[in-house]
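Enquirer: Here's a structure for you.
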Amino acid sequence: MIIFDSVTKLYPGGYTALDGISLQIAPGELVVLSGHTGAGKSTLLKLIPAIERPTSGTVQVNGQNVSSLSRRAIPYLRRNIGLVLQETRLLFDRPVIDNMLLPLVINGHPPKEAARRAAAALDLVGLSGREKEFPAGLSGGEQQRLAIARAFVNRPSILIADEPTASLDSAYASEIAGIFGSFNSAGVTVLVATHDISLFRQWSPRRIVLDHGRLMEQ
Amino acid sequence: MLNWIYLHLRAFALALERLAGQPFGTLLSALVMGIALTLPAGGYILLDNVAMLARGVSGKPEISLFLDNKADSGQIDAIRQNLREDPRLSAFRFVSRDEALKHLESSGLGDVLGGIATNPLPNAFIVTLRGDKPELFAALSEEMRGWPGVEHIQLDSAWVKRLAALLELARMTMLVLSVLLGVALVIVTFNTVRLQILTQKNEIEVSRLLGATDRFIRRPFYWFGGLQGALGGLVALGAVWIGIDTLAAPVAKVGETYGVLIVLAGPGWRESLMIVGLAIALGWLGTAISVRRHLWGRP
């Protein structure tokens, strides 16, 4: 369960990214977050894994108050949240398999188990057999799929994606949307910020619309 | 526990990879650290050699107890007993007045006594000490002066004092030099690790997003600093050995002119381990400060 209670986020300089947001996302929901550029979508998503902290109000994730979480506790919160940010944030100087193994090593999986999980996740996103290639050798869609596989490889209960299809053509975008849909069908809470809601229509998502940091529709 | 070992092995492999990934930079850093460590390490080894040499040339420190000519055999036995029981002494021997006279005559100085009918030389004990500290000399001579039958004490401690003072001065100079160069090494490592952190910025940020703890992120840097220190230590060790090897022949020649055999000794196992260990510790310290300065407070 994700709960936002009267959350406001001000950036230095006085810019209001979020203004008194209150909402709840139940486990297993597929939520599509939309709104124009600068509406506050990215900020809202970043508050969940404590990349940003609210200026006022509280954010709760699975019963934990993220707003007041200690610095030492943040890594353990993030291990239960899969993150796909606007930039893929892949390690371009490391092969695909190393990118996949990193979250598993961080999470303390033994090498054999980590290798098995990485192979399974790559298979799920159609990148099986590309383990030794470097991300620069993959297409934009493949890089995005790799980022999604990395976010999912630890089997998190929540998957957050910020504009995962923004830089992709429509064929790749539908493919990526399909991957999120299938994760959600497996019981994962999925929260996707996107400009193109139609991509997710077939999974009947719940729609949240932001405008200038305010909640317009949910 | 197994996971902890695995994480350290992984961090070690990463550190090796980073060192091997920039061979020129690694070599330069190792040389800088090595040369900086060579000065104090070589200095200490040289001092040890000088101290050993000085002992060899001057012989062991001794005290001569000249006895009163009126001292009877009971008093002489009591002095002998005292010397035998004193743990601060390593050896002693009795030189009778007749032996002393013979020795004097055989040394070619017999003519000095030509006009004297009786043997004027006293009985004496020649005492060898354990250690060469001036305080030990002073304490023993003061004590022995009070023994019945002892008329005069002669100790050749001036050279001991001078040598001890010179060696102490040299040791202090080396200590100051070591501290200064140690600080320089810490700064070198600090900067190298700072550059590493900048190079690995993306990986660090991604790791944080994926739930890496501070410890997980710092671990490879600690290994990196330690390995770099070890390389510097090995360079220093090599340089000291090359220095000893180069100086051995000229120093032996100088010794020959004084009729003394001089063999320069290089660092033993203990000294070698100390040099490398110290280099690792300094590398680790520089890393710890750099990591704390550049990674702390960035969730």
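Every chain in the structure tokens takes a letter, A first, then B, and so on in the order presented; its residues are numbered from 1, and the ligands are numbered from 1 following the presented order.
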Give me, as a ChimeraX atom specification, the residues of chain A that a backbone DSSP run labels helix (DSSP H, G or I).
Expert: /A:41-47,66-68,71-78,96-106,111-124,135-137,140-152,170-185,197-203
Enquirer: List as a list in words the protein and nucleic acid residues near B:Ala236, meaning an atom at most 7 Å away when only C-alpha atoms are counted, but skip any in the same chain fewer than 4 places from it.
Expert: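 Counting only C-alpha atoms, the residues come to Gly34, Ile35, Leu37, Thr38, Gly232 and Val240 of chain B.
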Enquirer: Show which residues sit within 8 Å of stretch 179-182 of chain A, as a list in words. Count only C-alpha atoms, and ignore same-chain residues fewer than 3 positions away.
Expert: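 Result of the neighbour search: Leu30, Val125, Glu175, Ile176, Ser185, Ala186, Val190, Phe200 and Trp203 of chain A.
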Enquirer: For those residues, write N, CA, C and O atoms to a file as a tab-separated table (two decimals), in the first residue's frame.
Expert:
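Dumped everything to selection.tsv:
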```tsv
chain	number	residue	atom	x	y	z
A	30	LEU	N	-2.60	-1.21	-10.99
A	30	LEU	CA	-1.82	-0.64	-12.09
A	30	LEU	C	-2.29	0.81	-12.22
A	30	LEU	O	-3.46	1.06	-12.54
A	125	VAL	N	12.19	-10.53	-20.75
A	125	VAL	CA	12.14	-9.32	-21.57
A	125	VAL	C	12.74	-9.55	-22.97
A	125	VAL	O	12.99	-8.60	-23.72
A	175	GLU	N	5.37	-2.75	-26.77
A	175	GLU	CA	6.05	-3.92	-26.21
A	175	GLU	C	6.37	-3.69	-24.73
A	175	GLU	O	6.13	-4.56	-23.87
A	176	ILE	N	6.93	-2.47	-24.45
A	176	ILE	CA	7.29	-2.14	-23.06
A	176	ILE	C	6.04	-2.08	-22.18
A	176	ILE	O	6.03	-2.62	-21.07
A	185	SER	N	-0.16	-8.23	-13.86
A	185	SER	CA	-1.00	-9.44	-13.83
A	185	SER	C	-0.42	-10.44	-12.83
A	185	SER	O	-1.15	-11.29	-12.29
A	186	ALA	N	0.90	-10.37	-12.60
A	186	ALA	CA	1.53	-11.30	-11.64
A	186	ALA	C	1.41	-10.79	-10.21
A	186	ALA	O	1.97	-11.39	-9.28
A	190	VAL	N	2.05	-1.57	-9.95
A	190	VAL	CA	2.81	-0.86	-11.00
A	190	VAL	C	2.33	0.59	-11.06
A	190	VAL	O	1.12	0.85	-11.12
A	200	PHE	N	-1.59	1.70	-22.24
A	200	PHE	CA	-1.91	0.82	-21.11
A	200	PHE	C	-3.40	0.51	-21.01
A	200	PHE	O	-3.83	-0.15	-20.08
A	203	TRP	N	-5.12	-2.88	-20.06
A	203	TRP	CA	-5.07	-3.44	-18.70
A	203	TRP	C	-5.96	-2.66	-17.74
A	203	TRP	O	-5.85	-2.82	-16.52
```
Enquirer: Would you give me, as a list in words, the residues of chain A that come within 6 Å of chain B, using only C-alpha atoms?
Expert: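 Interface list for chain A against chain B: Pro75, Arg78, Arg79, Pro103 and Ile106 of chain A.
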Enquirer: Leaving out A:Arg53 and any residue of its chain fewer than 6 positions from it, which residues lie within 9 Å of it when counting only C-alpha atoms, given as an mmCIF file with N, CA, C and O atoms, in the first residue's frame?
Expert:
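This went into part31.cif:
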```cif
data_model
loop_
_atom_site.group_PDB
_atom_site.id
_atom_site.type_symbol
_atom_site.label_atom_id
_atom_site.label_comp_id
_atom_site.auth_asym_id
_atom_site.auth_seq_id
_atom_site.Cartn_x
_atom_site.Cartn_y
_atom_site.Cartn_z
ATOM 1 N N LYS A 9 5.720 19.411 -2.004
ATOM 2 C CA LYS A 9 7.161 19.411 -2.248
ATOM 3 C C LYS A 9 7.560 20.726 -2.900
ATOM 4 O O LYS A 9 7.107 21.064 -4.004
ATOM 5 N N LYS A 46 9.444 9.995 -7.347
ATOM 6 C CA LYS A 46 10.713 9.990 -6.599
ATOM 7 C C LYS A 46 10.502 10.004 -5.083
ATOM 8 O O LYS A 46 11.421 9.666 -4.325
ATOM 9 N N LEU A 47 9.318 10.412 -4.643
ATOM 10 C CA LEU A 47 9.054 10.429 -3.200
ATOM 11 C C LEU A 47 8.877 9.011 -2.654
ATOM 12 O O LEU A 47 9.137 8.768 -1.472
ATOM 13 N N VAL A 59 4.536 10.336 3.342
ATOM 14 C CA VAL A 59 4.428 9.282 2.323
ATOM 15 C C VAL A 59 4.676 7.954 3.033
ATOM 16 O O VAL A 59 5.687 7.798 3.696
ATOM 17 N N VAL A 66 8.012 6.894 4.845
ATOM 18 C CA VAL A 66 9.216 7.194 4.063
ATOM 19 C C VAL A 66 9.736 8.600 4.374
ATOM 20 O O VAL A 66 10.937 8.850 4.353
ATOM 21 N N SER A 67 8.807 9.503 4.722
ATOM 22 C CA SER A 67 9.179 10.903 4.966
ATOM 23 C C SER A 67 10.199 11.036 6.091
ATOM 24 O O SER A 67 11.061 11.903 6.052
ATOM 25 N N SER A 68 10.089 10.157 7.099
ATOM 26 C CA SER A 68 10.984 10.292 8.252
ATOM 27 C C SER A 68 11.953 9.113 8.350
ATOM 28 O O SER A 68 12.537 8.877 9.400
#
```
Enquirer: As JSON, numbers by chain, please: every residue in stretch 12-206 of chain A that DSSP puts in strand (DSSP E or B).
Expert: {"A": [15, 16, 17, 18, 19, 20, 21, 22, 23, 24, 25, 30, 31, 32, 33, 34, 56, 57, 58, 59, 60, 61, 64, 65, 81, 82, 83, 84, 158, 159, 160, 161, 162, 189, 190, 191, 192, 193, 206]}
Enquirer: Put those residues in a file: C-alpha atoms, as a compact mmCIF listing (two decimals), in the first residue's frame.
Expert:
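Below you can see part22.txt, which holds the result:
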```txt
# COMPACT_ATOMS: atom_id res chain seq x y z
CA TYR A 15 9.08 26.14 -7.09
CA THR A 16 6.10 24.04 -5.97
CA ALA A 17 6.36 20.61 -7.58
CA LEU A 18 3.53 19.02 -5.54
CA ASP A 19 0.81 20.85 -3.67
CA GLY A 20 -1.12 19.00 -0.96
CA ILE A 21 -1.40 15.63 -2.70
CA SER A 22 -3.39 12.92 -0.93
CA LEU A 23 -3.94 9.54 -2.55
CA GLN A 24 -3.77 5.81 -1.88
CA ILE A 25 -2.56 3.02 -4.14
CA LEU A 30 -1.82 -0.64 -12.09
CA VAL A 31 -1.75 3.14 -11.94
CA VAL A 32 -1.02 5.42 -14.84
CA LEU A 33 0.14 8.89 -13.88
CA SER A 34 -0.35 11.58 -16.48
CA SER A 56 5.38 18.65 4.31
CA GLY A 57 2.92 15.78 4.61
CA THR A 58 3.76 12.08 4.79
CA VAL A 59 4.43 9.28 2.32
CA GLN A 60 3.90 5.72 3.51
CA VAL A 61 5.09 2.66 1.62
CA GLN A 64 6.76 2.56 6.50
CA ASN A 65 6.74 6.34 6.83
CA ILE A 81 10.91 -1.18 -5.15
CA GLY A 82 11.79 -1.64 -8.82
CA LEU A 83 12.79 1.66 -10.45
CA VAL A 84 12.81 2.58 -14.13
CA ILE A 158 6.23 -2.23 -6.31
CA LEU A 159 7.42 -1.23 -9.78
CA ILE A 160 7.81 2.46 -10.60
CA ALA A 161 8.50 3.73 -14.11
CA ASP A 162 8.99 7.31 -15.20
CA THR A 189 1.87 -2.85 -7.90
CA VAL A 190 2.81 -0.86 -11.00
CA LEU A 191 2.96 2.93 -11.13
CA VAL A 192 3.83 4.39 -14.52
CA ALA A 193 4.19 8.06 -15.44
CA ARG A 206 -6.43 3.51 -12.68
```
